[in-house]
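First up is the structure itself, then whatever we jot down about it.
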Amino acid sequence: MSTVTHAPAVPRSSAFKRFFTAREIPVAGALIALIVVTYIINPRFLSPQSTKDLMLNATIMVILAVAQALVIITRNVDLSVGAILGLAAFGTGTVFDMFPSIPLVLIFVIGMIFGGLLGSINGMLVTSAKVPALVITLGTLYIFRGVLSSWAGSKQYFSGDNPKAFGNLSVDTLVGIPIITIIAVVITVAVAMFMSSVRSGRDLYAIGSDPDAARLFGIPVGGRVLSAFIACGALTGLAGVLYASRYNSVGALTGSGIELDVVAAVVVGGVAIFGGSGTVAGAAIGAVLLSTITGALTATRVDKFWQQAIVGVLILAAIIIDRVVSLRRARKLRVNEAKNV
Amino acid sequence: MATAVETAPASQAARTPALSLRGASKTFGPVIALADGTIEILPGEIHALVGENGAGKSTLVKILAGVHSPDGGEFLIEGKPAHFRNVSESKAAGISVIYQEPTLFPDLTVAENIFIGRQPKGRAGLISRGEMRRRAAELFATLGVPIDPDRIADGLSIADQQIIEIAKAISLDANVLVMDEPTAALSGVEVERLFTVARALREKGAGILFISHRFEEVFGLSDRITVMRDGRYIQVHNTAEVTVPAIVKEMVGRELGELFPKQEAELGDVVLKVDDLNSVGTFSGIDFEIRAGEIVALSGLVGAGRTEVARAVFGIDPYDTGSVSIGGTALKARSPKAAIAAGIGFVPEDRRKQGLVLDLSVARNVTLTLRHSLVRWGIISGQRERAAAEDWSQRLQVKTGSQDLPVSTLSGGNQQKVVLAKWLATDPKLLIVDEPTRGIDVGTKAEVHRLLSDLAGRGIAILMISSELPEVLGMADRVLVMHEGRIAADLNRADATAELVMQAATGSTKELHLERTDEELSTELEAGE
């Protein structure tokens, strides 16, 4: 071996290559393919009204998926989001009932604080109990839902009960895009920025990648995980408020079962269920994909019963692609290193 | 407080040790990991810490790093008492640690692994990836290694991972740099570069604690040497005033022969035959036989491919070409079930994770491999299970209050006996033991060795992977030394010496420009005998 002191040429992956090996690309590709194929079969799929509906339908899922991705990236999961969404949505109706002239900004603030409080309960239990988040949040899912059931009883709030300006958030558009969709996009961009370019955001990836190494490295694991749960709760609370704006009625059953759709969207979007990799942008695309499938199946007159099966296939496909890619990569590296020896 | 320390006059700082630990102790349940941890690191010195595996070096390192807090003793940083509650506090005090096992985040890029938690910031306080990449590339240039800062850490070789750990530690600009066996996986040139960097840091006034099993490195690099044995501080020497045999004697503290009694056993037929086994990138050209009653040690450095070979033989991992046969019959690849049926037992390195079900009772663990013979009408008979377990526990002298206690309550040595019992119950022809005495106290160690020797005496072939030279030399009839995935030496018991084994295992370290050559070291060793 030579003893040259200058640095050997460093192999660098090109920006081009990195772009196309990103985990979001297959999902984004699937989404585009879905839209194109559906449009060819039924051009009315992309009519202005239909496009607006597609966006409205995706909005709440996108926010929920972004929130959930924060938690899943840390190698945790929050299954209680369906109940948090329901509580926040019903809470919104209740607040409007009590203070009909409350400023709209305030209702969002209240919803986020409320959701954040519920998220902090999850976070504190997970970080102090050393029990998997799956079990903890399954428990709080039932507790929160129970609280909502006894609070709401058979009472429902209808969109007519809310101030008109509030409902208009889901009707009015800005350059063709519904206001609540713009809110979701802004949130996605902000959280994506945080996760990619702020130190504490990167810490979340490190924690999910190897919690023990993170501890050994001095990253405040407990605090960061707690914050992720609080952020997830707050964003879910916000989604709950938007839910009250978007849909006709909110009651004891609002948001039931949505937690699994959310986890599915996140996984399909390329976030590893064991944490450490994937992006919130991917999760958002996953959410758009899953909600668009429903619209696409309607537009192409495929039996709606197929929808869930297709979502299932997508989840499995996402996992298999991910696994195959990482196995290949590992194999290729081993072979390369063998050559270098 | 911290600022007061930093502003102390330089002349005074030169007198005060950068770090001093006296009489530190640490126990984990019944296990005494450290009885007397004592070390003093001056600014601008490279201080070597030597001792056998299990001497307490790593526990001492973890105390310095803030991972463990000591149960007792005195800990001073630049003359001021220190009580680290976590790793961040140790880091803030200027201590940077390179661990024996690299602890990288597999999903993050190399650059990010180096700078996690202190990534350079650019516009609007956001992380500047360009700057981070540039600094990482700079570090790699200093170290002279071609690693792409943008690739993710997953899949890097142990050597590259270790280099990233080193880059990380250097970039922290610490007052005290602790290196726990940083060279175990590195090649000669890489080691040399690391040493150049270490010397440069010493010039800048940093104190360096260097842990290594390689005497050439210890003597070539260090200014002082502290010796530990069985969790205790033994002695500190100026490197220039001490010889290798003197250090070895203090490390071992006893004659090798007494501790590792392998009795001569009649060698029988060939039990295991491994023929030109290859697995791309992991190992290649592995060729050896083991006879009944023979103990063959697989020696080499961490990452040389020893465990990988054993796992391939047992069918856990796949291999690309070659064959494995037991008693002349070819063994199906990738099938631990076939391996067990053919009479192979496998005692893994990490018994807590791979060898035992910690929450199950001692009896359940012992009889895990016996389930079929204990079944009556499709249900495991508890009575038979207990009877079988008691029989084996007695034969191996497992010390447990009751067969029904969870196996996690046992000491390390007794846990290892349970794993051995589990496999012995299957009446194996070949037993593969991976680091059989790691983390086991000295007394029980001898018992495990006696047991292995005993089994060989009864005609079982044993393949023993071990990183402890005295264990290898004392127990093995034959020593196979692996280096970078190949068998570098095949030594008979009579020919095997510590120097030969180490030479074969390190392969390229002869290229090192050290202050003493191998010949001189060997001469010193011989002079000591």
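Letters A, B, ... mark the chains of the structure tokens in the order given; residue numbers begin at 1 per chain; ligand numbers begin at 1, in order shown.
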
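Neighbouring residues of Ala318 in chain A at 9 Å or closer, counting only C-alpha atoms and skipping chain neighbours under 6 positions away, are Pro26, Val27, Val267, Val268, Gly269 and Gly270 of chain A.
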
8 Å contacts from chain B to chain A using only C-alpha atoms, as a JSON list (two decimals) with N, CA and C atoms, in the first residue's frame:
```json
[["chain", "number", "residue", "atom", "x", "y", "z"],
["B", 67, "VAL", "N", -21.72, 7.60, 30.93],
["B", 67, "VAL", "CA", -22.75, 6.58, 30.69],
["B", 67, "VAL", "C", -23.15, 5.93, 32.02],
["B", 86, "ASN", "N", -25.06, 12.43, 32.80],
["B", 86, "ASN", "CA", -25.32, 11.85, 31.48],
["B", 86, "ASN", "C", -24.18, 12.17, 30.54],
["B", 87, "VAL", "N", -24.29, 11.68, 29.33],
["B", 87, "VAL", "CA", -23.22, 11.82, 28.35],
["B", 87, "VAL", "C", -23.00, 13.29, 27.98],
["B", 88, "SER", "N", -24.08, 14.06, 27.90],
["B", 88, "SER", "CA", -23.94, 15.46, 27.50],
["B", 88, "SER", "C", -23.02, 16.20, 28.47],
["B", 91, "LYS", "N", -19.45, 15.36, 27.81],
["B", 91, "LYS", "CA", -19.04, 16.03, 26.58],
["B", 91, "LYS", "C", -18.77, 17.51, 26.84],
["B", 103, "THR", "N", -20.87, 3.25, 17.26],
["B", 103, "THR", "CA", -22.28, 3.51, 17.55],
["B", 103, "THR", "C", -22.78, 4.56, 16.59],
["B", 104, "LEU", "N", -22.93, 4.17, 15.35],
["B", 104, "LEU", "CA", -23.41, 5.11, 14.34],
["B", 104, "LEU", "C", -24.91, 4.96, 14.15],
["B", 105, "PHE", "N", -25.51, 5.99, 13.55],
["B", 105, "PHE", "CA", -26.92, 5.92, 13.19],
["B", 105, "PHE", "C", -27.01, 5.40, 11.76],
["B", 106, "PRO", "N", -27.48, 4.18, 11.56],
["B", 106, "PRO", "CA", -27.42, 3.57, 10.23],
["B", 106, "PRO", "C", -28.18, 4.33, 9.16],
["B", 107, "ASP", "N", -29.24, 5.05, 9.54],
["B", 107, "ASP", "CA", -30.07, 5.71, 8.52],
["B", 107, "ASP", "C", -29.57, 7.09, 8.14],
["B", 108, "LEU", "N", -28.64, 7.63, 8.90],
["B", 108, "LEU", "CA", -28.18, 8.99, 8.62],
["B", 108, "LEU", "C", -26.92, 8.95, 7.75],
["B", 116, "ILE", "N", -23.96, 15.23, 14.25],
["B", 116, "ILE", "CA", -25.31, 15.22, 14.82],
["B", 116, "ILE", "C", -25.34, 16.01, 16.14],
["B", 117, "GLY", "N", -26.35, 16.86, 16.26],
["B", 117, "GLY", "CA", -26.49, 17.66, 17.47],
["B", 117, "GLY", "C", -25.70, 18.95, 17.41],
["B", 118, "ARG", "N", -24.76, 19.10, 16.48],
["B", 118, "ARG", "CA", -23.98, 20.34, 16.36],
["B", 118, "ARG", "C", -23.67, 20.62, 14.89],
["B", 119, "GLN", "N", -24.67, 20.33, 14.05],
["B", 119, "GLN", "CA", -24.50, 20.58, 12.62],
["B", 119, "GLN", "C", -24.24, 22.06, 12.38],
["B", 125, "GLY", "N", -30.47, 30.16, 10.55],
["B", 125, "GLY", "CA", -30.28, 29.17, 11.59],
["B", 125, "GLY", "C", -30.56, 27.75, 11.15],
["B", 126, "LEU", "N", -30.74, 27.55, 9.85],
["B", 126, "LEU", "CA", -30.98, 26.19, 9.37],
["B", 126, "LEU", "C", -29.64, 25.49, 9.13],
["B", 127, "ILE", "N", -29.68, 24.16, 9.17],
["B", 127, "ILE", "CA", -28.47, 23.37, 8.96],
["B", 127, "ILE", "C", -27.96, 23.58, 7.54],
["B", 128, "SER", "N", -26.66, 23.84, 7.42],
["B", 128, "SER", "CA", -26.08, 23.97, 6.10],
["B", 128, "SER", "C", -25.43, 22.65, 5.71],
["B", 140, "PHE", "N", -11.94, 13.72, 6.66],
["B", 140, "PHE", "CA", -11.52, 12.48, 6.01],
["B", 140, "PHE", "C", -10.20, 12.69, 5.27],
["B", 141, "ALA", "N", -10.00, 13.91, 4.77],
["B", 141, "ALA", "CA", -8.73, 14.20, 4.10],
["B", 141, "ALA", "C", -7.58, 14.13, 5.11],
["B", 142, "THR", "N", -7.81, 14.69, 6.30],
["B", 142, "THR", "CA", -6.78, 14.61, 7.35],
["B", 142, "THR", "C", -6.47, 13.16, 7.67],
["B", 143, "LEU", "N", -7.51, 12.36, 7.71],
["B", 143, "LEU", "CA", -7.32, 10.95, 8.05],
["B", 143, "LEU", "C", -6.90, 10.14, 6.82],
["B", 144, "GLY", "N", -7.01, 10.77, 5.66],
["B", 144, "GLY", "CA", -6.58, 10.10, 4.43],
["B", 144, "GLY", "C", -7.43, 8.91, 4.04],
["B", 145, "VAL", "N", -8.73, 9.03, 4.21],
["B", 145, "VAL", "CA", -9.59, 7.91, 3.83],
["B", 145, "VAL", "C", -10.64, 8.36, 2.82],
["B", 146, "PRO", "N", -10.94, 7.52, 1.82],
["B", 146, "PRO", "CA", -11.95, 7.92, 0.84],
["B", 146, "PRO", "C", -13.34, 7.46, 1.26],
["B", 147, "ILE", "N", -14.01, 8.27, 2.04],
["B", 147, "ILE", "CA", -15.38, 7.94, 2.41],
["B", 147, "ILE", "C", -16.28, 9.06, 1.91],
["B", 148, "ASP", "N", -17.38, 8.69, 1.27],
["B", 148, "ASP", "CA", -18.33, 9.67, 0.75],
["B", 148, "ASP", "C", -19.16, 10.22, 1.92],
["B", 149, "PRO", "N", -19.04, 11.52, 2.23],
["B", 149, "PRO", "CA", -19.79, 12.07, 3.37],
["B", 149, "PRO", "C", -21.30, 11.98, 3.18],
["B", 150, "ASP", "N", -21.74, 11.82, 1.94],
["B", 150, "ASP", "CA", -23.18, 11.84, 1.67],
["B", 150, "ASP", "C", -23.83, 10.47, 1.73],
["B", 151, "ARG", "N", -23.04, 9.41, 1.79],
["B", 151, "ARG", "CA", -23.67, 8.09, 1.82],
["B", 151, "ARG", "C", -24.20, 7.81, 3.23],
["B", 154, "ASP", "N", -25.39, 2.96, 7.01],
["B", 154, "ASP", "CA", -25.76, 1.55, 6.94],
["B", 154, "ASP", "C", -24.90, 0.82, 5.91],
["B", 155, "GLY", "N", -24.34, -0.31, 6.30],
["B", 155, "GLY", "CA", -23.59, -1.11, 5.35],
["B", 155, "GLY", "C", -22.11, -0.79, 5.30],
["B", 156, "LEU", "N", -21.65, 0.20, 6.05],
["B", 156, "LEU", "CA", -20.21, 0.49, 6.08],
["B", 156, "LEU", "C", -19.47, -0.64, 6.79],
["B", 157, "SER", "N", -18.24, -0.88, 6.37],
["B", 157, "SER", "CA", -17.44, -1.90, 7.07],
["B", 157, "SER", "C", -17.10, -1.39, 8.46],
["B", 189, "VAL", "N", -2.21, 1.04, 7.46],
["B", 189, "VAL", "CA", -2.10, 2.44, 7.04],
["B", 189, "VAL", "C", -3.06, 3.30, 7.84],
["B", 280, "VAL", "N", -19.17, -13.79, -0.40],
["B", 280, "VAL", "CA", -18.59, -12.58, -0.98],
["B", 280, "VAL", "C", -18.58, -11.43, 0.02],
["B", 281, "GLY", "N", -17.43, -10.84, 0.20],
["B", 281, "GLY", "CA", -17.32, -9.68, 1.06],
["B", 281, "GLY", "C", -17.21, -10.00, 2.54],
["B", 282, "THR", "N", -17.38, -11.26, 2.92],
["B", 282, "THR", "CA", -17.35, -11.60, 4.34],
["B", 282, "THR", "C", -16.17, -12.50, 4.66]]
```

Please provide as a PDB file with C-alpha atoms, in the first residue's frame all residues within 10 Å of Val302 in chain B, with the sequence filter that same-chain residues fewer than 3 positions apart are discarded (counting only C-alpha atoms).
```
ATOM      1  CA  GLN B 100     -14.970  -0.229  21.033  1.00  0.00           C
ATOM      2  CA  GLU B 101     -18.174  -0.922  19.150  1.00  0.00           C
ATOM      3  CA  ILE B 158     -16.438  -1.968  10.717  1.00  0.00           C
ATOM      4  CA  THR B 183      -7.551  -0.019  16.071  1.00  0.00           C
ATOM      5  CA  ALA B 184      -9.161  -3.456  16.400  1.00  0.00           C
ATOM      6  CA  ALA B 185     -10.678  -3.285  12.928  1.00  0.00           C
ATOM      7  CA  LEU B 186      -8.230  -0.977  11.184  1.00  0.00           C
ATOM      8  CA  SER B 299      -8.741 -16.562  16.579  1.00  0.00           C
ATOM      9  CA  GLY B 305     -15.031 -12.906   9.943  1.00  0.00           C
ATOM     10  CA  ARG B 306     -14.813 -15.542  12.701  1.00  0.00           C
ATOM     11  CA  THR B 307     -18.403 -15.340  13.881  1.00  0.00           C
ATOM     12  CA  SER B 466     -12.184 -16.409  21.231  1.00  0.00           C
ATOM     13  CA  SER B 467     -10.579 -12.980  21.358  1.00  0.00           C
ATOM     14  CA  MET B 482      -8.371 -15.282  10.649  1.00  0.00           C
ATOM     15  CA  HIS B 483      -7.445 -11.991   9.053  1.00  0.00           C
ATOM     16  CA  GLU B 484      -9.801 -10.029   6.808  1.00  0.00           C
ATOM     17  CA  ALA B 505      -4.290 -11.681  13.106  1.00  0.00           C
TER      18      ALA B 505
END
```

Q) Using the chain letters and numbers from this document, which residues of range 225-418 of chain B does DSSP assign to strand (DSSP E), as a ChimeraX atom specification? A) /B:225-229,232-238,270-279,283-291,295-300,321-326,329-330,344-347,375-376,379-380

The selected residues should be written to file as an mmCIF file, in the first residue's frame (atoms: C-alpha atoms).
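selection-v3.cif, freshly written:
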```cif
data_model
loop_
_atom_site.group_PDB
_atom_site.id
_atom_site.type_symbol
_atom_site.label_atom_id
_atom_site.label_comp_id
_atom_site.auth_asym_id
_atom_site.auth_seq_id
_atom_site.Cartn_x
_atom_site.Cartn_y
_atom_site.Cartn_z
ATOM 1 C CA ILE B 225 0.820 2.784 30.811
ATOM 2 C CA THR B 226 -1.758 1.911 33.467
ATOM 3 C CA VAL B 227 -2.389 -1.793 34.062
ATOM 4 C CA MET B 228 -5.708 -3.166 35.283
ATOM 5 C CA ARG B 229 -6.689 -6.660 36.344
ATOM 6 C CA ARG B 232 -8.645 -3.206 39.849
ATOM 7 C CA TYR B 233 -5.884 -0.729 39.229
ATOM 8 C CA ILE B 234 -2.540 -2.542 39.449
ATOM 9 C CA GLN B 235 0.236 -0.160 38.491
ATOM 10 C CA VAL B 236 1.191 2.821 36.352
ATOM 11 C CA HIS B 237 4.503 2.949 34.458
ATOM 12 C CA ASN B 238 6.449 5.323 32.289
ATOM 13 C CA VAL B 270 -13.028 -36.101 11.418
ATOM 14 C CA VAL B 271 -16.328 -34.670 12.634
ATOM 15 C CA LEU B 272 -16.535 -31.375 10.792
ATOM 16 C CA LYS B 273 -15.101 -30.726 7.386
ATOM 17 C CA VAL B 274 -15.372 -27.249 5.892
ATOM 18 C CA ASP B 275 -14.317 -27.151 2.271
ATOM 19 C CA ASP B 276 -13.439 -23.892 0.503
ATOM 20 C CA LEU B 277 -16.278 -21.899 1.997
ATOM 21 C CA ASN B 278 -16.858 -18.479 0.449
ATOM 22 C CA SER B 279 -19.231 -15.644 1.135
ATOM 23 C CA PHE B 283 -14.935 -14.515 4.118
ATOM 24 C CA SER B 284 -13.250 -16.620 1.474
ATOM 25 C CA GLY B 285 -11.361 -19.878 1.034
ATOM 26 C CA ILE B 286 -12.227 -21.235 4.470
ATOM 27 C CA ASP B 287 -10.867 -24.758 4.686
ATOM 28 C CA PHE B 288 -10.507 -26.801 7.873
ATOM 29 C CA GLU B 289 -11.354 -30.001 9.735
ATOM 30 C CA ILE B 290 -12.106 -30.778 13.336
ATOM 31 C CA ARG B 291 -11.699 -34.252 14.816
ATOM 32 C CA ILE B 295 -10.666 -28.155 20.371
ATOM 33 C CA VAL B 296 -9.970 -25.858 17.451
ATOM 34 C CA ALA B 297 -9.793 -22.162 18.243
ATOM 35 C CA LEU B 298 -10.804 -19.585 15.688
ATOM 36 C CA SER B 299 -8.741 -16.562 16.579
ATOM 37 C CA GLY B 300 -8.407 -13.145 15.011
ATOM 38 C CA THR B 321 -19.722 -21.523 -2.625
ATOM 39 C CA GLY B 322 -18.078 -24.389 -0.776
ATOM 40 C CA SER B 323 -19.448 -27.113 1.459
ATOM 41 C CA VAL B 324 -19.802 -28.167 5.071
ATOM 42 C CA SER B 325 -20.011 -31.809 6.087
ATOM 43 C CA ILE B 326 -20.545 -33.574 9.378
ATOM 44 C CA THR B 329 -22.317 -36.291 5.139
ATOM 45 C CA ALA B 330 -22.837 -32.955 3.398
ATOM 46 C CA ILE B 344 -24.136 -29.337 15.909
ATOM 47 C CA GLY B 345 -24.698 -27.138 18.939
ATOM 48 C CA PHE B 346 -24.139 -23.392 18.781
ATOM 49 C CA VAL B 347 -23.396 -21.265 21.823
ATOM 50 C CA VAL B 375 -43.800 -34.192 24.651
ATOM 51 C CA ARG B 376 -46.572 -36.499 25.683
ATOM 52 C CA ILE B 379 -48.140 -31.367 25.319
ATOM 53 C CA ILE B 380 -44.832 -30.778 27.070
#
```

Open item on the list: What's around range 167-184 of chain A at 10 Å? Count only C-alpha atoms, leave out sequence neighbours fewer than 3 positions away in its own chain, and write the answer as JSON, numbers by chain.
Closed with: {"A": [48, 49, 51, 52, 53, 55, 56, 57, 58, 59, 60, 61, 62, 63, 64, 66, 159, 160, 161, 162, 163, 164, 187, 188, 189, 190, 235, 238, 239, 242, 243, 244, 245, 246, 247, 248, 284]}
